[in-house]
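Trainee: My structure file input14.txt, compact mmCIF, C-alpha atoms, is below:
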```txt
# COMPACT_ATOMS: atom_id res chain seq x y z
CA MET A 27 225.63 120.74 55.53
CA ARG A 28 223.96 120.93 58.72
CA LEU A 29 224.10 122.49 62.08
CA VAL A 30 225.89 123.05 65.29
CA LEU A 31 224.79 124.07 68.71
CA GLY A 32 226.60 125.87 71.40
CA SER A 33 230.34 125.46 71.97
CA THR A 34 232.98 126.99 69.81
CA ALA A 35 234.28 123.66 68.69
CA PHE A 36 231.94 123.17 65.89
CA ALA A 37 230.20 126.28 66.30
CA SER A 38 232.84 126.96 63.82
CA LEU A 39 231.47 124.79 61.10
CA LEU A 40 228.10 123.71 60.44
CA PHE A 41 228.25 123.07 57.00
CA ALA A 42 227.63 119.74 57.60
CA THR A 43 227.92 119.05 60.96
CA LEU A 44 225.73 119.20 63.57
CA LEU A 45 224.78 120.47 66.66
CA HIS A 46 227.15 120.65 69.40
CA ALA A 47 224.84 121.83 72.15
CA GLN A 48 226.37 122.25 75.54
CA SER A 49 225.97 119.09 77.57
CA ARG A 50 223.43 119.15 80.37
CA PRO A 51 222.13 116.49 82.73
CA ALA A 52 219.18 114.39 81.66
CA GLU A 53 215.94 115.94 82.84
CA THR A 54 214.06 114.45 85.76
CA GLY A 55 211.17 112.35 84.54
CA GLU A 56 212.76 111.73 81.13
CA ILE A 57 210.51 109.51 79.03
CA ASP A 58 211.41 106.02 77.85
CA TRP A 59 212.62 107.00 74.39
CA ARG A 60 213.01 103.44 73.15
CA SER A 61 209.32 102.79 73.73
CA ALA A 62 208.27 106.22 72.47
CA GLU A 63 210.20 105.78 69.20
CA ALA A 64 208.89 102.28 68.48
CA PRO A 65 207.78 100.91 66.10
CA ARG A 66 209.25 103.53 63.71
CA LEU A 67 212.73 103.19 65.24
CA GLU A 68 213.83 99.98 66.95
CA ASN A 69 217.01 98.12 67.91
CA HIS A 70 218.95 101.32 68.60
CA VAL A 71 222.76 101.07 68.50
CA GLN A 72 225.34 103.71 69.41
CA LEU A 73 228.08 103.65 66.74
CA THR A 74 230.72 106.11 67.98
CA PHE A 75 231.88 106.49 71.57
CA ASP A 76 233.75 108.85 73.88
CA ASP A 77 236.76 106.55 74.16
CA ARG A 78 237.68 107.38 70.54
CA PHE A 79 235.77 110.53 69.64
CA TYR A 80 235.09 113.66 71.64
CA LYS A 81 232.14 114.14 69.28
CA ALA A 82 230.99 112.77 65.93
CA GLY A 83 228.13 113.36 63.51
CA GLU A 84 226.59 113.71 60.05
CA ALA A 85 226.97 110.25 58.58
CA TYR A 86 226.02 108.98 55.10
CA PHE A 87 225.92 105.45 53.74
CA SER A 88 227.84 104.22 50.70
CA PRO A 89 225.77 103.09 47.68
CA ASP A 90 226.12 99.45 48.77
CA ASP A 91 225.37 100.24 52.45
CA GLN A 92 228.67 98.63 53.51
CA ARG A 93 230.41 101.82 54.69
CA VAL A 94 229.66 105.22 56.19
CA ILE A 95 231.41 108.55 55.92
CA PHE A 96 231.19 110.96 58.86
CA GLN A 97 232.92 113.82 60.61
CA ALA A 98 234.39 113.68 64.08
CA VAL A 99 236.82 115.15 66.59
CA GLU A 100 239.19 112.67 68.19
CA GLN A 101 239.45 112.41 71.97
CA PRO A 102 242.62 114.37 72.94
CA PRO A 103 245.23 113.25 75.48
CA ALA A 104 244.55 114.14 79.12
CA GLY A 105 244.94 117.86 79.77
CA VAL A 106 244.78 118.79 76.06
CA GLU A 107 241.84 120.65 74.52
CA PRO A 108 240.01 118.81 71.68
CA ASP A 109 240.57 119.99 68.13
CA GLU A 110 238.44 122.95 67.14
CA PHE A 111 237.46 121.49 63.77
CA TYR A 112 236.05 118.21 62.51
CA GLY A 113 238.06 115.66 60.56
CA MET A 114 236.51 113.43 57.88
CA TYR A 115 236.39 109.64 58.43
CA VAL A 116 235.16 106.48 56.71
CA ALA A 117 234.33 103.19 58.41
CA ASP A 118 233.04 99.72 57.57
CA VAL A 119 229.57 98.77 58.79
CA VAL A 120 229.32 95.70 61.04
CA ARG A 121 226.14 93.62 60.77
CA ALA A 122 224.56 90.79 62.71
CA GLU A 123 222.95 87.80 61.06
CA GLY A 124 219.91 89.08 59.19
CA GLY A 125 221.57 92.38 58.26
CA ARG A 126 220.92 94.48 61.37
CA ILE A 127 223.71 97.03 61.95
CA THR A 128 225.61 96.49 65.20
CA GLY A 129 228.66 98.75 64.94
CA LEU A 130 231.54 100.24 62.95
CA GLU A 131 235.08 98.97 62.34
CA ASN A 132 238.20 99.91 60.37
CA ILE A 133 237.74 103.64 60.98
CA VAL A 134 240.12 105.68 58.79
CA ARG A 135 240.74 109.45 58.74
CA LEU A 136 240.70 111.07 55.28
CA SER A 137 241.36 114.77 55.97
CA PRO A 138 244.64 116.58 56.78
CA ASN A 139 245.37 117.35 60.43
CA GLY A 140 244.42 120.90 61.38
CA SER A 141 241.93 121.35 58.55
CA ALA A 142 238.21 121.98 58.93
CA ASN A 143 235.96 119.46 57.18
CA THR A 144 232.28 118.70 56.66
CA CYS A 145 229.63 117.21 54.34
CA GLY A 146 231.18 113.92 53.24
CA TRP A 147 229.61 111.98 50.35
CA PHE A 148 230.33 108.71 48.55
CA HIS A 149 230.58 108.79 44.76
CA PRO A 150 227.51 106.85 43.54
CA THR A 151 229.22 104.99 40.67
CA ASP A 152 232.92 104.94 41.64
CA PRO A 153 233.34 102.98 44.90
CA GLY A 154 236.91 104.23 45.28
CA GLN A 155 236.00 107.93 45.52
CA VAL A 156 234.47 110.22 48.15
CA LEU A 157 233.79 113.95 48.18
CA PHE A 158 233.72 116.31 51.13
CA ALA A 159 234.27 119.97 51.98
CA SER A 160 237.64 120.92 53.42
CA THR A 161 239.80 123.95 54.10
CA ILE A 162 242.74 121.58 53.36
CA VAL A 163 244.89 123.70 55.68
CA ALA A 164 243.94 125.35 58.96
CA PRO A 165 241.27 128.01 58.35
CA SER A 166 242.23 131.62 58.91
CA PRO A 167 241.53 132.82 62.45
CA GLY A 168 238.56 135.03 63.19
CA ALA A 169 236.31 133.81 60.38
CA PRO A 170 232.96 135.57 60.90
CA PRO A 171 229.86 133.50 61.63
CA GLY A 172 227.76 132.91 58.55
CA TYR A 173 224.68 131.83 60.45
CA ASP A 174 223.96 132.57 64.09
CA ARG A 175 220.63 132.06 65.85
CA ARG A 176 219.85 135.14 67.93
CA SER A 177 219.45 133.01 71.04
CA GLY A 178 223.10 131.96 70.68
CA ARG A 179 222.22 128.28 71.06
CA TYR A 180 223.65 127.36 67.70
CA ARG A 181 225.79 128.89 64.99
CA TRP A 182 228.21 127.89 62.31
CA MET A 183 231.07 129.54 60.51
CA PHE A 184 231.87 129.92 56.83
CA PRO A 185 235.66 129.80 56.36
CA PRO A 186 236.47 131.23 52.92
CA GLU A 187 239.06 128.48 52.46
CA MET A 188 236.33 125.81 52.45
CA ARG A 189 236.00 124.10 49.08
CA ILE A 190 234.71 120.73 47.84
CA VAL A 191 237.38 118.09 47.24
CA ARG A 192 237.56 114.44 46.27
CA THR A 193 239.95 111.70 47.29
CA GLU A 194 240.60 107.97 46.95
CA ILE A 195 239.36 105.44 49.50
CA SER A 196 240.01 102.30 47.47
CA PRO A 197 241.95 99.40 49.09
CA GLY A 198 245.62 100.21 49.39
CA SER A 199 245.13 103.99 49.42
CA ALA A 200 246.56 104.32 52.91
CA GLY A 201 248.72 107.15 54.21
CA PRO A 202 248.34 110.87 53.46
CA ARG A 203 245.47 111.56 51.05
CA THR A 204 245.71 113.61 47.90
CA LEU A 205 242.78 116.03 47.89
CA ILE A 206 241.68 117.19 44.43
CA GLU A 207 239.60 120.38 44.20
CA VAL A 208 236.18 119.92 42.61
CA ALA A 209 234.34 123.18 43.39
CA GLY A 210 235.48 126.42 45.00
CA ASP A 211 238.89 128.07 44.93
CA GLY A 212 239.44 129.01 48.58
CA SER A 213 238.25 132.61 48.18
CA ALA A 214 234.65 132.02 49.35
CA TYR A 215 232.94 129.31 51.37
CA CYS A 216 231.88 126.39 49.15
CA ALA A 217 230.45 123.27 50.82
CA GLU A 218 227.27 121.29 51.53
CA GLY A 219 227.73 119.22 48.39
CA ALA A 220 225.93 116.06 47.24
CA LEU A 221 225.92 114.08 43.98
CA ASP A 222 222.87 112.70 42.21
CA ALA A 223 222.53 108.93 41.75
CA THR A 224 224.28 109.03 38.35
CA GLY A 225 227.27 111.07 39.55
CA ARG A 226 226.70 113.62 36.77
CA HIS A 227 225.38 116.50 38.85
CA LEU A 228 226.84 118.05 42.02
CA VAL A 229 224.63 120.40 44.06
CA TYR A 230 226.27 122.66 46.64
CA CYS A 231 226.10 125.94 48.55
CA SER A 232 228.45 128.84 47.84
CA LEU A 233 228.93 132.30 49.33
CA ALA A 234 230.73 133.57 46.22
CA THR A 235 228.10 136.29 45.71
CA GLY A 236 227.83 137.15 49.40
CA GLY A 237 224.74 135.15 50.40
CA GLY A 238 224.25 131.42 50.57
CA ASP A 239 223.10 130.36 47.08
CA LEU A 240 222.71 126.90 45.52
CA TYR A 241 224.55 125.80 42.40
CA ILE A 242 224.59 122.64 40.32
CA MET A 243 227.76 121.59 38.51
CA ASP A 244 227.48 119.29 35.50
CA MET A 245 230.43 116.95 36.01
CA LYS A 246 230.12 115.84 32.37
CA THR A 247 230.56 119.28 30.80
CA GLY A 248 232.04 121.32 33.68
CA THR A 249 229.18 123.82 33.43
CA THR A 250 227.95 125.37 36.68
CA ARG A 251 224.50 126.97 36.99
CA SER A 252 222.85 128.93 39.78
CA VAL A 253 219.57 127.22 40.70
CA VAL A 254 218.50 128.96 43.93
CA ALA A 255 219.53 132.57 44.51
CA ALA A 256 216.77 133.87 46.80
CA PRO A 257 217.65 136.52 49.38
CA GLY A 258 219.15 135.06 52.55
CA TYR A 259 220.95 131.82 53.17
CA ASP A 260 219.92 128.73 51.18
CA GLY A 261 221.79 125.51 51.91
CA GLY A 262 221.84 121.84 52.85
CA PRO A 263 220.69 120.55 49.42
CA PHE A 264 220.20 116.92 48.36
CA PHE A 265 218.96 115.35 45.15
CA SER A 266 215.87 113.16 45.29
CA PRO A 267 216.58 109.49 44.55
CA ASP A 268 215.42 109.91 40.93
CA GLY A 269 217.50 113.10 40.49
CA LYS A 270 214.51 115.21 39.42
CA ARG A 271 214.20 117.36 42.55
CA ILE A 272 216.29 118.87 45.31
CA CYS A 273 215.43 119.55 48.94
CA PHE A 274 217.05 122.37 50.91
CA ARG A 275 216.52 124.79 53.77
CA SER A 276 216.34 128.55 53.60
CA ASP A 277 216.49 131.67 55.77
CA ARG A 278 215.08 133.81 52.96
CA GLN A 279 212.75 135.64 55.36
CA GLY A 280 215.79 136.95 57.20
CA ASN A 281 214.35 136.08 60.61
CA HIS A 282 217.14 133.72 61.69
CA LEU A 283 214.83 130.73 61.27
CA LEU A 284 215.07 128.02 58.63
CA GLN A 285 212.24 126.59 56.49
CA LEU A 286 212.25 123.56 54.20
CA PHE A 287 211.81 123.75 50.43
CA ILE A 288 211.70 121.41 47.44
CA GLY A 289 212.66 122.47 43.93
CA GLU A 290 211.61 120.55 40.84
CA LEU A 291 214.49 120.67 38.35
CA ALA A 292 214.39 121.64 34.68
CA PHE A 293 216.61 119.79 32.17
CA ASP A 294 217.78 120.41 28.60
CA ASP A 295 217.70 117.82 25.80
CA ASP A 296 221.11 116.47 26.87
CA GLY A 297 219.88 115.81 30.40
CA ALA A 298 221.75 118.70 32.02
CA VAL A 299 220.08 120.70 34.80
CA VAL A 300 219.27 124.23 33.66
CA GLY A 301 217.35 125.52 36.67
CA LEU A 302 214.16 125.04 38.67
CA GLU A 303 210.72 124.61 37.14
CA ARG A 304 208.79 124.96 40.38
CA GLU A 305 209.46 125.42 44.06
CA PHE A 306 207.42 124.21 47.04
CA GLN A 307 207.66 125.24 50.69
CA LEU A 308 207.16 122.38 53.17
CA THR A 309 207.37 124.26 56.49
CA GLU A 310 206.31 127.75 57.51
CA ASN A 311 206.57 128.23 61.24
CA GLY A 312 208.51 129.93 64.01
CA HIS A 313 211.14 127.20 64.31
CA VAL A 314 214.51 126.20 62.88
CA ASN A 315 213.88 123.38 60.40
CA TRP A 316 217.00 122.00 58.79
CA ALA A 317 218.99 118.96 57.63
CA PRO A 318 216.27 117.62 55.28
CA TYR A 319 217.05 114.22 53.74
CA TRP A 320 215.14 112.00 51.34
CA HIS A 321 213.78 108.59 52.17
CA PRO A 322 214.78 106.15 49.38
CA ASP A 323 211.16 106.07 48.15
CA GLY A 324 211.45 109.74 47.12
CA ARG A 325 208.13 110.55 48.77
CA HIS A 326 209.20 111.48 52.30
CA LEU A 327 211.74 113.74 54.01
CA VAL A 328 213.23 113.49 57.47
CA TYR A 329 214.59 116.62 59.11
CA ALA A 330 215.59 118.15 62.45
CA THR A 331 213.58 120.92 64.07
CA SER A 332 213.58 123.17 67.13
CA GLU A 333 209.82 122.71 67.42
CA VAL A 334 210.26 120.89 70.73
CA GLY A 335 212.85 123.43 71.91
CA HIS A 336 216.31 124.79 71.12
CA ARG A 337 217.77 122.56 73.83
CA ASN A 338 216.04 119.49 72.45
CA TYR A 339 216.07 119.32 68.65
CA GLU A 340 214.11 116.31 67.40
CA VAL A 341 213.74 114.43 64.11
CA PHE A 342 210.45 114.58 62.20
CA ILE A 343 209.26 113.01 58.95
CA VAL A 344 206.99 114.75 56.44
CA ASP A 345 205.44 114.02 53.05
CA ALA A 346 207.41 115.13 50.00
CA ASP A 347 205.29 113.28 47.43
CA PRO A 348 205.15 114.71 43.89
CA GLY A 349 202.13 112.55 43.06
CA GLY A 350 201.56 110.19 40.14
CA PRO A 351 199.98 107.91 41.01
CA GLY A 352 197.97 109.70 43.63
CA PRO A 353 197.79 113.38 44.61
CA THR A 354 200.74 115.67 45.28
CA ARG A 355 201.51 115.87 49.00
CA TYR A 356 204.12 118.36 50.09
CA GLY A 357 204.36 119.15 53.81
CA THR A 358 201.52 116.89 54.99
CA ARG A 359 201.46 114.15 57.65
CA ARG A 360 204.27 115.65 59.70
CA THR A 361 205.25 113.08 62.36
CA ARG A 362 207.77 113.12 65.20
CA LEU A 363 210.32 110.27 65.18
CA THR A 364 212.73 110.89 68.10
CA TYR A 365 211.94 111.51 71.78
CA ALA A 366 215.21 111.45 73.75
CA ALA A 367 216.33 114.38 75.89
CA ARG A 368 218.91 116.68 74.28
CA ALA A 369 219.47 116.96 70.55
CA ASP A 370 218.67 114.47 67.79
CA VAL A 371 219.65 115.83 64.36
CA LEU A 372 221.10 115.13 60.90
CA PRO A 373 219.02 112.04 60.05
CA THR A 374 219.85 110.03 56.91
CA PHE A 375 218.90 106.60 55.54
CA SER A 376 220.65 103.53 54.24
CA GLN A 377 220.08 102.99 50.53
CA ASP A 378 217.64 100.15 51.23
CA GLY A 379 215.68 102.30 53.70
CA ARG A 380 216.06 99.73 56.46
CA HIS A 381 218.18 101.86 58.78
CA MET A 382 218.18 105.49 59.88
CA ILE A 383 221.49 106.91 61.12
CA TRP A 384 221.63 110.24 62.93
CA THR A 385 223.55 112.41 65.38
CA SER A 386 222.32 112.26 68.96
CA GLN A 387 223.26 113.54 72.39
CA ARG A 388 221.23 110.84 74.17
CA GLY A 389 224.34 109.02 75.39
CA GLU A 390 225.82 109.24 78.87
CA SER A 391 228.27 112.05 78.05
CA GLY A 392 225.60 114.26 76.50
CA ARG A 393 227.90 114.99 73.54
CA SER A 394 227.08 114.34 69.91
CA GLN A 395 227.72 110.77 68.70
CA LEU A 396 226.39 108.59 65.88
CA TRP A 397 223.38 106.34 66.46
CA VAL A 398 221.54 103.95 64.15
CA ALA A 399 218.22 102.11 64.38
CA GLU A 400 216.05 99.92 62.19
CA PHE A 401 213.43 102.10 60.53
CA THR A 402 209.80 101.41 59.64
CA LEU A 403 208.30 103.93 57.23
CA GLU A 404 204.62 103.38 57.98
CA ALA A 405 203.87 102.54 61.60
CA PRO A 406 200.85 100.28 62.24
CA ARG A 407 197.70 102.25 62.96
```
Take the structure in this file and express it as structure tokens.
Mentor:
Amino acid sequence: MRLVLGSTAFASLLFATLLHAQSRPAETGEIDWRSAEAPRLENHVQLTFDDRFYKAGEAYFSPDDQRVIFQAVEQPPAGVEPDEFYGMYVADVVRAEGGRITGLENIVRLSPNGSANTCGWFHPTDPGQVLFASTIVAPSPGAPPGYDRRSGRYRWMFPPEMRIVRTEISPGSAGPRTLIEVAGDGSAYCAEGALDATGRHLVYCSLATGGGDLYIMDMKTGTTRSVVAAPGYDGGPFFSPDGKRICFRSDRQGNHLLQLFIGELAFDDDGAVVGLEREFQLTENGHVNWAPYWHPDGRHLVYATSEVGHRNYEVFIVDADPGGPGPTRYGTRRTRLTYAARADVLPTFSQDGRHMIWTSQRGESGRSQLWVAEFTLEAPR
């Protein structure tokens, strides 16, 4: 799950979505972001556009890097207000010779009309399945905000009807989708889910006990365990590529800021997660740090932060190296990756690490759309 800025549209759902900051003109003297972001990010391509989507964001690659799943709001007819909530979509990735991503095609909606949706994820071993969080029906009106920055620049809501579902995306599964409940029962917000690389463990956030806590469900046995239950809101978890750690963000200080954490998991003899062995804090500052995501090497995290300003969230990369060989490095070598005016958030990687896809407001409309660029982990000195 991730974040939203401004407007009520997706200020109603961050669980996975991102910032919908109010559009504003590009600032005078705006820097050349293509040059500033090179050589870490090059050959930028906008993937979603205003002719189809009023806004789009939070995309994740399939295990074979041939598709993406993302959330979006369709462009309404003239004179009609856009939908308040995001729908869930999948699309095929278009590539040029050599493998560089150049666009998306065959975009298909997965979620029911009128429902609120977020945090889509491909099943790692079953190419015909995806998971995402959905209210399935329209959420009840007046759902209270679950997280709201005091400045009012971003907030997101926690509809109690939100639960994690799965559905088919295999060829021939056209038409209305059957959504099968995986976690949550519609009585308390349950979202921000992600599977480990084996598909055995599902990590997610739930408000069943009142605060945002993290749980891991063993899909093999059906057992669910609480793994992070610190005071305040903990959310946005992802497994490391080897499945031995999770990253997440937390407001456990209760100051309406978010800090990044890593938890090293403990397992029983059958390989089931039983809790955390150790926890490490990667950021400790006066900013909102959120949407952490692992690089495929398992030794780095990208994330979005308000460090540059609440009107200009940017993407940074930081060490998340457990060591062996070499020393443990958690929270070191923090480096800025994006430089465009307005928000850049929700960064994720292709499985091969060659591309970073993220949500950006750098386009002409100033609204959130998907962008992708070729990524270089270590820039030349």
Trainee: If you measure from atom CA of A:Glu390 to atom CA of A:Pro102, what distance in Å do you get, rounded to one decimal?
Mentor: 18.5 Å
Trainee: Could you state the separation of atom CA of A:His313 and atom CA of A:Leu283 in Å, given to one decimal place?
Mentor: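 These atoms are spaced 5.9 Å apart.
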Trainee: Do you know which residues are at most 12 Å from A:Ile343 counting all atoms listed in the file, after dropping those on the same chain fewer than 2 positions away, and could you put them as a PyMOL selection string?
Mentor: chain A and resi 66+286+308-309+315-321+325-331+340-341+345-346+356-364+373-374+382+401-404
Trainee: Find the residues near A:Ile288: any atom within 9 Å, counting all atoms listed in the file, skip ones fewer than 2 places away on the same chain, and give them as a ChimeraX atom specification.
Mentor: /A:271-275,286,290,304-308,346,356
Trainee: Just write the chosen residues, C-alpha atoms, as a short mmCIF file (atom, residue, chain, number, x, y, z; two decimals), in the coordinates of the input.
Mentor:
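again-v1.cif, freshly written:
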```
data_model
loop_
_atom_site.label_atom_id
_atom_site.label_comp_id
_atom_site.auth_asym_id
_atom_site.auth_seq_id
_atom_site.Cartn_x
_atom_site.Cartn_y
_atom_site.Cartn_z
CA ARG A 271 214.20 117.36 42.55
CA ILE A 272 216.29 118.87 45.31
CA CYS A 273 215.43 119.55 48.94
CA PHE A 274 217.05 122.37 50.91
CA ARG A 275 216.52 124.79 53.77
CA LEU A 286 212.25 123.56 54.20
CA GLU A 290 211.61 120.55 40.84
CA ARG A 304 208.79 124.96 40.38
CA GLU A 305 209.46 125.42 44.06
CA PHE A 306 207.42 124.21 47.04
CA GLN A 307 207.66 125.24 50.69
CA LEU A 308 207.16 122.38 53.17
CA ALA A 346 207.41 115.13 50.00
CA TYR A 356 204.12 118.36 50.09
#
```
Trainee: Please work out which residues fall within 6 Å of (228.2, 101.8, 65.5), coordinates as given in the file, with only C-alpha atoms counting, and return them as a ChimeraX atom specification.
Mentor: /A:72-74,128-130
